[in-house]
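*Asks:* So that you have it, the file is final35.csv, and it contains CSV, C-alpha atoms:
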chain,number,residue,atom,x,y,z
Y,17,MET,CA,-42.4,-12.6,8.8
Y,18,MET,CA,-39.7,-14.5,10.7
Y,19,LEU,CA,-36.0,-13.9,10.1
Y,20,LYS,CA,-35.6,-17.6,9.3
Y,21,ASP,CA,-37.6,-17.0,6.2
Y,22,ILE,CA,-35.1,-14.6,5.0
Y,23,PHE,CA,-32.0,-16.6,5.9
Y,24,LYS,CA,-32.2,-20.0,4.3
Y,25,ASN,CA,-30.8,-23.2,5.6
Y,26,GLY,CA,-27.3,-23.4,4.0
Y,27,LYS,CA,-25.4,-26.5,5.0
Y,28,ILE,CA,-24.6,-27.2,1.4
Y,29,LEU,CA,-22.9,-23.9,1.1
Y,30,LEU,CA,-20.2,-24.6,3.6
Y,31,LEU,CA,-17.8,-26.4,1.2
Y,32,SER,CA,-18.1,-23.7,-1.5
Y,33,LEU,CA,-17.6,-21.0,1.1
Y,34,ILE,CA,-14.4,-22.7,2.4
Y,35,LEU,CA,-13.2,-22.8,-1.2
Y,36,PHE,CA,-14.0,-19.2,-1.5
Y,37,VAL,CA,-12.0,-18.3,1.5
Y,38,VAL,CA,-9.0,-20.5,0.5
Y,39,SER,CA,-8.9,-18.9,-2.9
Y,40,PHE,CA,-9.2,-15.4,-1.5
Y,41,SER,CA,-6.6,-15.9,1.1
Y,42,LEU,CA,-4.1,-17.3,-1.4
Y,43,LEU,CA,-4.8,-14.2,-3.5
Y,44,LEU,CA,-3.9,-12.1,-0.5
Y,45,THR,CA,-0.5,-13.6,-0.2
Y,46,SER,CA,0.5,-11.9,-3.4
Y,47,CYS,CA,-0.7,-8.5,-2.3
Y,48,TYR,CA,2.3,-7.3,-0.3
Y,49,PRO,CA,4.5,-4.8,-2.1
Y,50,GLY,CA,7.5,-6.2,-4.0
Y,51,ASP,CA,11.2,-5.3,-3.8
Y,52,PRO,CA,12.7,-1.9,-4.8
Y,53,ILE,CA,13.7,-1.9,-8.5
Y,54,SER,CA,16.5,0.7,-8.8
Y,55,PRO,CA,19.3,2.1,-6.6
Y,56,SER,CA,17.5,5.4,-6.3
Y,57,ASP,CA,14.5,3.6,-4.9
Y,58,THR,CA,16.5,2.7,-1.9
Y,59,ASP,CA,17.7,6.2,-1.2
Y,60,VAL,CA,16.5,7.3,2.2
Y,61,VAL,CA,17.1,10.8,3.6
Y,62,THR,CA,16.8,11.1,7.3
Y,63,THR,CA,17.2,14.4,9.3
Y,64,PHE,CA,17.4,14.8,13.0
Y,65,LYS,CA,16.9,18.2,14.7
Y,66,ASN,CA,18.0,18.8,18.3
Y,67,SER,CA,14.8,20.2,19.8
Y,68,ALA,CA,16.9,22.6,21.9
Y,69,ALA,CA,18.8,24.0,18.8
Y,70,ASP,CA,18.1,27.6,17.9
Y,71,PHE,CA,19.1,28.2,14.3
Y,72,SER,CA,17.9,31.8,14.2
Y,73,SER,CA,21.2,32.8,15.9
Y,74,LYS,CA,23.4,30.8,13.5
Y,75,PHE,CA,24.6,32.7,10.5
Y,76,SER,CA,28.1,31.3,9.5
Y,77,TYR,CA,29.6,27.9,9.2
Y,78,ALA,CA,32.9,26.2,8.8
Y,79,MET,CA,33.5,22.9,7.0
Y,80,PRO,CA,36.6,20.9,6.3
Y,81,ASP,CA,37.7,20.7,2.7
Y,82,SER,CA,37.4,16.9,2.7
Y,83,VAL,CA,34.9,14.2,3.4
Y,84,ILE,CA,35.7,11.9,6.3
Y,85,HIS,CA,35.5,8.2,5.3
Y,86,LEU,CA,35.0,5.9,8.2
Y,87,GLY,CA,35.7,2.2,8.0
Y,88,LYS,CA,35.1,-0.5,10.5
Y,89,ASP,CA,38.2,0.5,12.5
Y,90,GLY,CA,38.3,4.3,11.9
Y,91,PRO,CA,39.1,6.7,9.1
Y,92,VAL,CA,40.2,5.4,5.8
Y,93,GLU,CA,41.4,6.9,2.6
Y,94,SER,CA,38.8,8.2,0.2
Y,95,GLU,CA,38.6,6.2,-3.0
Y,96,SER,CA,36.5,8.8,-4.8
Y,97,PRO,CA,37.8,12.3,-4.3
Y,98,ALA,CA,35.7,13.6,-7.2
Y,99,ILE,CA,32.6,12.4,-5.5
Y,100,ASP,CA,33.7,13.9,-2.2
Y,101,GLN,CA,34.1,17.2,-3.9
Y,102,GLN,CA,30.6,16.9,-5.3
Y,103,ILE,CA,29.2,16.2,-1.8
Y,104,LEU,CA,31.0,19.2,-0.4
Y,105,SER,CA,29.7,21.4,-3.2
Y,106,ALA,CA,26.2,20.2,-2.7
Y,107,VAL,CA,26.4,21.0,1.0
Y,108,GLU,CA,27.9,24.4,0.4
Y,109,ARG,CA,25.2,25.2,-2.1
Y,110,ASN,CA,22.5,24.3,0.3
Y,111,MET,CA,24.1,26.0,3.2
Y,112,ALA,CA,24.2,29.2,1.1
Y,113,ALA,CA,20.6,28.8,0.1
Y,114,ALA,CA,19.7,28.4,3.8
Y,115,GLY,CA,21.3,31.7,4.5
Y,116,TYR,CA,24.7,30.7,6.0
Y,117,THR,CA,28.0,32.2,5.0
Y,118,PRO,CA,31.2,30.2,4.9
Y,119,GLU,CA,33.8,31.0,7.5
Y,120,ALA,CA,37.4,29.9,7.0
Y,121,ASN,CA,38.3,30.0,10.7
Y,122,PRO,CA,36.3,27.4,12.7
Y,123,ASP,CA,36.7,29.5,15.8
Y,124,GLN,CA,34.8,32.3,14.2
Y,125,ALA,CA,31.9,30.1,12.8
Y,126,ASP,CA,28.5,29.8,14.4
Y,127,VAL,CA,28.3,26.1,13.4
Y,128,LEU,CA,30.7,23.4,12.2
Y,129,VAL,CA,29.6,21.1,9.4
Y,130,VAL,CA,31.2,17.8,8.6
Y,131,ALA,CA,30.4,15.3,5.9
Y,132,VAL,CA,31.1,11.6,6.7
Y,133,VAL,CA,30.8,8.5,4.5
Y,134,ARG,CA,30.5,5.2,6.1
Y,135,THR,CA,32.3,2.5,4.1
Y,136,THR,CA,30.6,-0.4,6.0
Y,137,GLN,CA,27.1,-1.2,7.0
Y,138,TRP,CA,26.3,0.6,10.2
Y,139,VAL,CA,23.8,-0.7,12.6
Y,140,THR,CA,22.8,2.0,15.1
Y,141,GLY,CA,20.4,2.1,18.0
Y,142,GLY,CA,22.4,3.5,20.8
Y,143,CYS,CA,24.3,6.6,21.5
Y,144,TYR,CA,28.1,6.2,21.8
Y,145,PRO,CA,30.5,8.9,22.6
Y,146,TRP,CA,31.7,11.4,20.0
Y,147,TYR,CA,35.1,12.9,20.2
Y,148,TRP,CA,36.4,16.1,18.9
Y,149,GLY,CA,39.3,16.1,16.5
Y,150,TYR,CA,41.6,19.1,15.9
Y,151,TYR,CA,38.8,21.4,14.9
Y,152,TYR,CA,36.0,19.1,14.0
Y,153,PRO,CA,34.0,16.4,15.8
Y,154,TYR,CA,34.9,12.9,15.1
Y,155,PRO,CA,31.6,11.2,14.9
Y,156,GLY,CA,32.2,7.7,16.2
Y,157,TYR,CA,29.3,5.3,16.3
Y,158,CYS,CA,26.1,7.0,17.0
Y,159,TYR,CA,22.9,8.2,15.6
Y,160,PRO,CA,20.0,9.1,17.7
Y,161,VAL,CA,17.5,6.7,16.3
Y,162,ALA,CA,17.5,2.9,15.8
Y,163,TYR,CA,18.4,2.6,12.2
Y,164,THR,CA,20.6,0.5,9.9
Y,165,TYR,CA,22.6,2.4,7.3
Y,166,GLU,CA,23.9,0.6,4.3
Y,167,THR,CA,27.4,0.7,3.0
Y,168,GLY,CA,28.1,4.0,1.4
Y,169,SER,CA,25.8,6.1,3.5
Y,170,LEU,CA,26.5,9.8,3.9
Y,171,LEU,CA,26.1,11.7,7.1
Y,172,ILE,CA,26.1,15.5,7.3
Y,173,ILE,CA,26.6,16.7,10.8
Y,174,MET,CA,26.1,20.2,12.2
Y,175,VAL,CA,27.5,20.9,15.7
Y,176,ASP,CA,28.0,23.9,17.9
Y,177,PRO,CA,31.7,24.9,17.9
Y,178,GLU,CA,31.6,26.0,21.5
Y,179,ARG,CA,31.4,22.4,22.5
Y,180,SER,CA,34.7,20.7,23.3
Y,181,GLY,CA,35.9,17.4,24.4
Y,182,GLU,CA,33.7,14.4,24.6
Y,183,ILE,CA,30.0,15.3,24.1
Y,184,ASP,CA,26.7,13.5,24.0
Y,185,PRO,CA,25.8,13.0,20.3
Y,186,ARG,CA,22.3,14.0,21.1
Y,187,GLU,CA,23.7,17.5,21.5
Y,188,ALA,CA,24.5,17.7,17.8
Y,189,LEU,CA,22.4,20.5,16.4
Y,190,TRP,CA,21.4,18.7,13.2
Y,191,ILE,CA,22.2,15.4,11.5
Y,192,SER,CA,21.3,14.2,8.0
Y,193,GLY,CA,21.8,10.6,7.1
Y,194,ILE,CA,21.5,9.6,3.4
Y,195,ASN,CA,21.2,5.9,3.2
Y,196,GLY,CA,23.3,3.9,0.7
Y,197,LEU,CA,24.0,6.9,-1.5
Y,198,LEU,CA,27.4,5.7,-2.5
Y,199,SER,CA,26.7,2.0,-2.5
Y,200,SER,CA,26.0,2.0,-6.2
Y,201,SER,CA,27.6,3.7,-9.1
Y,202,SER,CA,24.3,4.2,-10.7
Y,203,ASN,CA,23.7,7.9,-11.4
Y,204,THR,CA,25.6,8.9,-8.3
Y,205,ALA,CA,26.1,12.5,-9.3
Y,206,ALA,CA,22.4,13.2,-9.7
Y,207,ARG,CA,21.6,11.3,-6.5
Y,208,ILE,CA,24.1,13.2,-4.5
Y,209,ASN,CA,22.5,16.5,-5.5
Y,210,SER,CA,18.9,15.4,-5.2
Y,211,ASN,CA,19.4,13.8,-1.8
Y,212,VAL,CA,21.5,16.5,-0.2
Y,213,ASP,CA,18.9,19.0,-1.6
Y,214,GLN,CA,16.1,16.9,0.0
Y,215,ALA,CA,18.0,16.9,3.4
Y,216,PHE,CA,17.9,20.6,3.5
Y,217,LYS,CA,14.4,20.9,2.0
Y,218,GLN,CA,12.9,18.8,4.8
Y,219,SER,CA,14.8,20.9,7.4
Y,220,PRO,CA,13.3,24.4,6.8
Y,221,TYR,CA,14.2,25.4,10.4
Y,222,LEU,CA,17.8,25.8,9.3
Y,223,SER,CA,16.8,29.0,7.6
Y,224,ASP,CA,15.1,30.5,10.7
Y,225,GLY,CA,16.0,34.1,11.2
Y,226,LYS,CA,17.7,34.5,7.9
I,13,MET,CA,7.6,-13.8,10.3
I,14,THR,CA,7.4,-13.3,6.5
I,15,ALA,CA,4.3,-11.9,4.9
I,16,LYS,CA,3.5,-15.3,3.3
I,17,THR,CA,3.9,-17.1,6.6
I,18,PHE,CA,1.7,-14.6,8.3
I,19,ASN,CA,-1.0,-14.9,5.6
I,20,ARG,CA,-0.9,-18.7,5.9
I,21,LYS,CA,-1.6,-18.4,9.6
I,22,ILE,CA,-4.5,-16.1,8.8
I,23,LEU,CA,-5.8,-18.6,6.3
I,24,TYR,CA,-5.8,-21.4,8.9
I,25,ALA,CA,-7.6,-19.1,11.3
I,26,GLY,CA,-10.2,-18.4,8.7
I,27,LEU,CA,-10.7,-22.0,8.0
I,28,ILE,CA,-11.1,-22.8,11.7
I,29,LEU,CA,-13.7,-20.1,11.9
I,30,LEU,CA,-15.6,-21.5,8.9
I,31,VAL,CA,-15.6,-24.9,10.4
I,32,LEU,CA,-17.0,-23.4,13.6
I,33,ALA,CA,-19.6,-21.7,11.4
I,34,GLY,CA,-21.0,-25.2,10.6
I,35,PRO,CA,-21.6,-27.4,13.5
I,36,GLY,CA,-20.0,-25.2,16.1
I,37,PHE,CA,-23.0,-23.0,16.3
I,38,GLY,CA,-26.3,-24.4,17.2
I,39,GLN,CA,-29.6,-24.2,15.6
I,40,ASP,CA,-30.9,-20.8,14.4
I,41,TRP,CA,-27.5,-19.2,14.2
I,42,ILE,CA,-27.1,-17.1,11.1
I,43,SER,CA,-23.7,-17.1,9.5
I,44,ALA,CA,-22.5,-14.7,6.9
I,45,ILE,CA,-19.3,-14.2,4.9
I,46,THR,CA,-18.6,-11.2,2.9
I,47,TYR,CA,-15.9,-10.0,0.5
I,48,GLN,CA,-15.0,-6.4,1.3
I,49,ILE,CA,-13.6,-3.4,-0.5
I,50,SER,CA,-12.3,-0.8,1.9
I,51,PHE,CA,-11.7,2.9,1.6
I,52,PRO,CA,-9.3,4.5,4.0
I,53,SER,CA,-10.2,7.9,5.6
I,54,GLY,CA,-8.7,10.0,8.4
I,55,ASP,CA,-5.5,8.8,9.9
I,56,THR,CA,-5.7,5.5,7.9
I,57,LYS,CA,-5.7,7.6,4.7
I,58,GLN,CA,-2.6,9.4,5.9
I,59,PHE,CA,-1.0,6.1,6.7
I,60,ALA,CA,-1.9,4.1,3.5
I,61,ASP,CA,-3.9,6.0,0.9
I,62,GLU,CA,-5.0,3.3,-1.4
I,63,THR,CA,-8.4,1.5,-1.7
I,64,SER,CA,-8.1,-2.0,-0.4
I,65,PHE,CA,-9.5,-4.9,-2.5
I,66,THR,CA,-8.4,-7.4,0.1
I,67,GLY,CA,-10.7,-8.0,2.9
I,68,PHE,CA,-13.5,-10.2,4.2
I,69,GLY,CA,-15.9,-10.4,7.1
I,70,LEU,CA,-17.4,-13.3,9.0
I,71,ASP,CA,-20.6,-12.8,11.0
I,72,PHE,CA,-22.5,-15.1,13.4
I,73,ARG,CA,-25.9,-13.8,14.5
I,74,LYS,CA,-28.5,-15.2,16.8
I,75,PRO,CA,-32.1,-14.1,16.4
I,76,VAL,CA,-33.6,-12.9,19.6
I,77,ASP,CA,-37.0,-11.8,18.2
I,78,ARG,CA,-38.6,-11.3,14.8
I,79,TYR,CA,-36.5,-8.2,14.1
I,80,THR,CA,-33.3,-8.4,16.1
I,81,THR,CA,-30.1,-10.5,16.1
I,82,VAL,CA,-27.1,-10.3,18.4
I,83,GLY,CA,-23.8,-12.0,17.7
I,84,LEU,CA,-20.2,-11.5,16.9
I,85,MET,CA,-18.1,-10.6,13.9
I,86,PHE,CA,-14.6,-11.1,12.6
I,87,GLY,CA,-12.9,-9.3,9.8
I,88,TRP,CA,-9.7,-8.8,8.0
I,89,ASN,CA,-8.9,-5.8,5.9
I,90,VAL,CA,-5.5,-5.2,4.3
I,91,PHE,CA,-4.2,-1.8,3.3
I,92,ASN,CA,-1.0,-1.4,1.3
I,93,GLN,CA,0.7,1.6,-0.2
I,94,ARG,CA,4.1,2.0,-1.8
I,95,VAL,CA,4.9,5.7,-1.9
I,96,THR,CA,7.9,8.0,-1.9
I,97,LYS,CA,7.2,10.8,0.6
I,98,THR,CA,8.3,12.6,3.7
I,99,ALA,CA,7.3,11.3,7.1
I,100,GLU,CA,7.8,12.6,10.6
I,101,LEU,CA,8.9,10.3,13.4
I,102,ALA,CA,7.4,11.5,16.7
I,103,MET,CA,10.4,11.3,19.1
I,104,GLU,CA,11.9,13.5,21.7
I,105,ASN,CA,14.0,15.2,19.0
I,106,PRO,CA,12.1,15.5,15.7
I,107,ILE,CA,13.2,13.1,12.9
I,108,THR,CA,12.1,13.5,9.4
I,109,ILE,CA,12.6,10.7,6.9
I,110,THR,CA,12.1,10.7,3.1
I,111,GLY,CA,12.3,7.8,0.7
I,112,LEU,CA,10.4,4.9,-0.9
I,113,GLN,CA,8.2,3.5,1.8
I,114,ASP,CA,6.1,0.3,2.0
I,115,ARG,CA,3.2,0.9,4.4
I,116,THR,CA,1.0,-2.0,5.4
I,117,LEU,CA,-1.9,-2.2,7.7
I,118,ASN,CA,-3.6,-5.5,8.5
I,119,SER,CA,-6.8,-4.8,10.5
I,120,PHE,CA,-8.6,-7.6,12.3
I,121,PRO,CA,-11.9,-6.4,13.9
I,122,VAL,CA,-13.3,-8.7,16.5
I,123,MET,CA,-16.6,-7.4,17.9
I,124,LEU,CA,-19.9,-8.1,19.5
I,125,ASN,CA,-22.9,-6.8,17.6
I,126,ALA,CA,-26.6,-6.2,17.4
I,127,HIS,CA,-28.7,-5.8,14.3
I,128,ARG,CA,-32.2,-4.6,13.7
I,129,TYR,CA,-34.1,-5.7,10.6
I,130,LEU,CA,-36.5,-3.2,9.2
I,131,GLY,CA,-39.9,-4.0,7.7
I,132,GLN,CA,-41.6,-7.3,7.3
I,133,GLY,CA,-40.9,-8.2,3.7
I,134,LYS,CA,-40.1,-11.9,2.9
I,135,ASP,CA,-38.0,-11.2,-0.2
I,136,ARG,CA,-35.7,-8.5,1.1
I,137,ARG,CA,-34.9,-6.7,4.3
I,138,LEU,CA,-32.9,-3.6,5.2
I,139,TYR,CA,-31.0,-3.7,8.5
I,140,ILE,CA,-28.9,-1.5,10.7
I,141,GLY,CA,-26.5,-2.6,13.3
I,142,LEU,CA,-23.7,-1.6,15.6
I,143,ASN,CA,-20.6,-3.6,16.3
I,144,ALA,CA,-18.5,-2.8,19.3
I,145,GLY,CA,-15.2,-4.3,20.4
I,146,GLY,CA,-11.8,-3.8,19.0
I,147,TYR,CA,-9.3,-4.4,16.3
I,148,TYR,CA,-6.0,-6.1,16.3
I,149,MET,CA,-3.9,-3.8,14.1
I,150,LEU,CA,-0.6,-4.9,12.5
I,151,GLN,CA,1.1,-1.8,11.2
I,152,ARG,CA,4.3,-1.9,9.2
I,153,PHE,CA,6.4,1.0,7.9
I,154,SER,CA,9.3,-0.1,5.8
I,155,ILE,CA,11.9,2.3,4.4
I,156,GLY,CA,15.3,1.4,3.0
I,157,ILE,CA,16.4,-1.7,4.8
I,158,ASN,CA,14.5,-0.7,8.0
I,159,THR,CA,11.1,-1.5,9.2
I,160,PHE,CA,9.2,0.2,12.0
I,161,GLN,CA,6.2,-1.8,13.3
I,162,LYS,CA,3.5,-1.5,15.9
I,163,ASP,CA,1.1,-4.4,16.6
I,164,GLN,CA,-1.6,-3.7,19.1
I,165,TRP,CA,-5.2,-4.0,20.2
I,166,GLN,CA,-7.3,-0.9,19.6
I,167,TRP,CA,-10.8,-0.5,20.9
I,168,GLY,CA,-13.4,0.6,18.4
I,169,ILE,CA,-16.8,0.4,16.8
I,170,ILE,CA,-18.4,-0.3,13.5
I,171,PRO,CA,-21.8,1.2,12.7
I,172,GLU,CA,-23.3,-0.8,9.9
I,173,ILE,CA,-26.2,-0.7,7.4
I,174,GLY,CA,-27.0,-3.6,5.2
I,175,PHE,CA,-29.5,-5.5,3.0
I,176,VAL,CA,-30.4,-9.1,2.8
I,177,MET,CA,-32.2,-10.9,0.1
I,178,PRO,CA,-33.0,-14.6,-0.2
I,179,LEU,CA,-31.7,-16.3,-3.4
I,180,GLN,CA,-32.8,-19.3,-5.2
I,181,GLY,CA,-30.8,-22.4,-4.2
I,182,GLY,CA,-30.8,-22.0,-0.4
I,183,SER,CA,-28.7,-19.0,0.4
I,184,THR,CA,-29.2,-15.3,1.1
I,185,LEU,CA,-27.4,-12.4,-0.5
I,186,ILE,CA,-26.0,-9.9,2.0
I,187,LEU,CA,-24.8,-6.4,1.1
I,188,ASN,CA,-23.5,-4.1,3.7
I,189,GLY,CA,-21.6,-0.9,4.3
I,190,LYS,CA,-19.6,-0.3,7.5
I,191,TYR,CA,-17.7,2.6,9.0
I,192,ASN,CA,-14.7,1.3,11.0
I,193,TYR,CA,-13.3,3.5,13.7
I,194,ALA,CA,-10.7,2.7,16.3
I,195,PHE,CA,-10.6,5.0,19.3
I,196,THR,CA,-7.1,4.3,20.5
I,197,GLY,CA,-3.9,3.5,18.8
I,198,GLN,CA,-0.3,4.3,18.3
I,199,SER,CA,1.5,4.7,15.0
I,200,PRO,CA,4.6,2.8,14.1
I,201,LEU,CA,6.1,6.2,13.6
I,202,GLY,CA,5.3,7.3,17.1
I,203,GLY,CA,2.4,9.4,18.2
I,204,ASP,CA,-1.3,8.6,18.3
I,205,ILE,CA,-3.3,7.3,15.4
I,206,ASN,CA,-7.0,6.7,15.1
I,207,HIS,CA,-7.6,4.3,12.2
I,208,GLU,CA,-10.8,4.7,10.3
I,209,TYR,CA,-12.0,3.3,7.0
I,210,TRP,CA,-15.2,2.4,5.2
I,211,THR,CA,-16.0,-1.0,3.8
I,212,ILE,CA,-18.5,-2.3,1.3
I,213,GLY,CA,-19.2,-5.9,1.6
I,214,ILE,CA,-21.0,-8.5,-0.5
I,215,GLY,CA,-21.5,-12.1,0.3
I,216,PHE,CA,-23.7,-14.9,1.4
I,217,ALA,CA,-25.6,-15.6,4.6
I,218,TRP,CA,-27.2,-18.9,5.7
I,219,ARG,CA,-28.9,-20.3,8.7
I,220,GLN,CA,-27.7,-23.4,10.6
I,221,TYR,CA,-29.9,-26.3,11.3
How does the structure come out when it is put into structure tokens?
*Replies:*
Amino acid sequence: MMLKDIFKNGKILLLSLILFVVSFSLLLTSCYPGDPISPSDTDVVTTFKNSAADFSSKFSYAMPDSVIHLGKDGPVESESPAIDQQILSAVERNMAAAGYTPEANPDQADVLVVAVVRTTQWVTGGCYPWYWGYYYPYPGYCYPVAYTYETGSLLIIMVDPERSGEIDPREALWISGINGLLSSSSNTAARINSNVDQAFKQSPYLSDGK
Amino acid sequence: MTAKTFNRKILYAGLILLVLAGPGFGQDWISAITYQISFPSGDTKQFADETSFTGFGLDFRKPVDRYTTVGLMFGWNVFNQRVTKTAELAMENPITITGLQDRTLNSFPVMLNAHRYLGQGKDRRLYIGLNAGGYYMLQRFSIGINTFQKDQWQWGIIPEIGFVMPLQGGSTLILNGKYNYAFTGQSPLGGDINHEYWTIGIGFAWRQY
């Protein structure tokens, strides 16, 4: 039995097969996922850990009593102090859950934590210098991964207080970026809590040694 | 390049291949086209864990004796998944990212193959085969307003088992199952990835003359 007896001559099939592929390919064009449907769908929580950081020796933290709002040209006034307070409360709650105790004097703290809100879209991809303020670092324009943050993104930054002067941002111990959290007024309170909680949840190493 | 533009290019490529399937191949070439359903496994399942109903395969086989064909195959399998989960980006310093993600894999196997047809029946034949070559993999990982992508050639193989049966009207039904495995590859999230998935195909085969 020859193979040609199994496979029939099929010239007349060609047109129908072309139609089949055309129909099928058009069907495929509709098979990519659609757009997000709610503000919370666009929330993205990113955390960065300095691979050299040892959190098992960190037990206390100091944090300013306000959130830094950074505009295009530098710090700007907060338009939402109530939301700021909620952000700080969420960070404090999670730091406590991770085993850290608050320290009023930054000089005595094992780590410094600052919360920063970007009021403009922030396109990153390089590492620019950071500068230290009076007690706390002034995080200029850097994040250690190519990423675009939407307006209203929240950064929570943990640094070593022993550092001083200009430092390489890659030496931050831990950074969390929560994308676009404050870009919409939709359910902001719940989203602050859930996203800050997620930032700590996906960083279990913060609890090392505690 | 948008997804629709990309798919339009694929459509044109498919049409060109089909035209080739007509007069482009000489006498005694066997052509086959199959619709494929694909099931991700291994690293592919980790990347996009949803059954794919979008895929097809195109085979050109040349008989070399009564039981054997050699030839080449092309394929296209699409995996999509929208999911909210946590992913790790393999970088010098670990980065973890959580959010709604759109993960897409377009796999284009292009391989040489050999098939052995078992038995001597004239109304149906079982066959086994091996495809060897590679895949062009288009991988997209979108989260928030960011997209990470990695498009690359990955070497691989496809063991295959199938069944052919002549139909009335001048065509032949072909059913097959394939295990797709890529030996080498990198994930759009960094690190190595070895894509693998299973496909079930059904379609038609015909012989040129």
*Asks:* Please compute the atom CA of Asp135 of chain I-atom CA of Leu84 of chain I distance, one decimal, in Å.
*Replies:*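 Atom CA of Leu84 of chain I lies at a distance of 24.7 Å from atom CA of Asp135 of chain I.
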*Asks:* So that I can check the surroundings of Asn89 of chain I, please list as an NGL selection string every protein, DNA and RNA residue that reaches within 8 Å of it, counting only C-alpha atoms and ignoring chain neighbours fewer than 2 positions away.
*Replies:* :I and (48 or 50 or 64 or 66-68 or 87 or 91 or 118-120)
*Asks:* Rounded to one decimal place, report the atom CA of Gln151 of chain I-atom CA of Gly203 of chain I distance in Å.
*Replies:*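 Separation of atom CA of Gln151 of chain I and atom CA of Gly203 of chain I: 13.3 Å.
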*Asks:* Nearest to Leu222 of chain Y among Y:Met111, Y:Leu128, Y:Leu104, Y:Val60, with distances taken over only C-alpha atoms: which residue is it?
*Replies:*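 So, comparing all the options, the nearest one is Y:Met111.
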*Asks:* Restrict the distance test to all atoms listed in the file, flag each residue of chain I within 6 Å of chain Y, and return the flagged residues as a PyMOL selection string.
*Replies:* chain I and resi 16+19+23+78+105-112+132+156+178+182-184+218-220
*Asks:* Can you work out which one of I:Thr211, I:Gln93, I:Asn158, I:Thr196 has the shortest atom-to-atom distance to Phe59 of chain I, counting only C-alpha atoms?
*Replies:*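 With only C-alpha atoms as the atom set, the closest residue is I:Gln93.
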*Asks:* Which one of I:Gly181, I:Pro52, I:Gly145, I:Pro75 sits closest to Arg128 of chain I if you count only C-alpha atoms?
*Replies:*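 Of all the options, I:Pro75 lies closest to Arg128 of chain I.
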*Asks:* Step by step: start from the point (-2.5, -1.1, 8.1) in the file's coordinates, keep every protein, DNA or RNA residue that has an atom no farther than 12 Å from it, count all atoms listed in the file, and write the set as a ChimeraX atom specification.
*Replies:* /Y:48 /I:50-52,55-64,66-67,88-93,114-120,147-153,161-164,197-200,205-209
*Asks:* In Å, how far is it from atom CA of Arg94 of chain I to atom CA of Tyr221 of chain Y?
*Replies:*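 Between these atoms lies a distance of 28.3 Å.
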*Asks:* Would you pick out the contacts of Asn125 of chain I at 8 Å or less, using only C-alpha atoms, so that residues sharing its chain but fewer than 6 positions from it are not included, and give the list as number ranges by chain?
*Replies:* I: 82-85, 141-144
*Asks:* Looking at all atoms listed in the file, which of I:Met103, I:Gly213, I:Ala194, I:Val176 is the one that sits closest to Lys134 of chain I?
*Replies:*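 Under the stated criterion, the closest residue is I:Val176.
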*Asks:* Measuring atom to atom with only C-alpha atoms, identify which of Y:Leu198, Y:Val129, Y:Lys88, Y:Gly115 is nearest to Ile172 of chain Y.
*Replies:*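 Of Y:Leu198, Y:Val129, Y:Lys88, Y:Gly115, the one nearest Ile172 of chain Y is Y:Val129, counting only C-alpha atoms.
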*Asks:* For Ser43 of chain I, find every residue with an atom within 7 Å (counting only C-alpha atoms), except residues of its own chain fewer than 3 positions away, and show them as a list in words.
*Replies:* Ala33, Asp71, Phe72, Arg73, Ala217, Trp218 and Arg219 of chain I
*Asks:* Quick one: residues within 7 Å of (-13.8, -8.3, 19.2) (file frame), counting only C-alpha atoms, please, as a ChimeraX atom specification.
*Replies:* /I:121-124,145-147
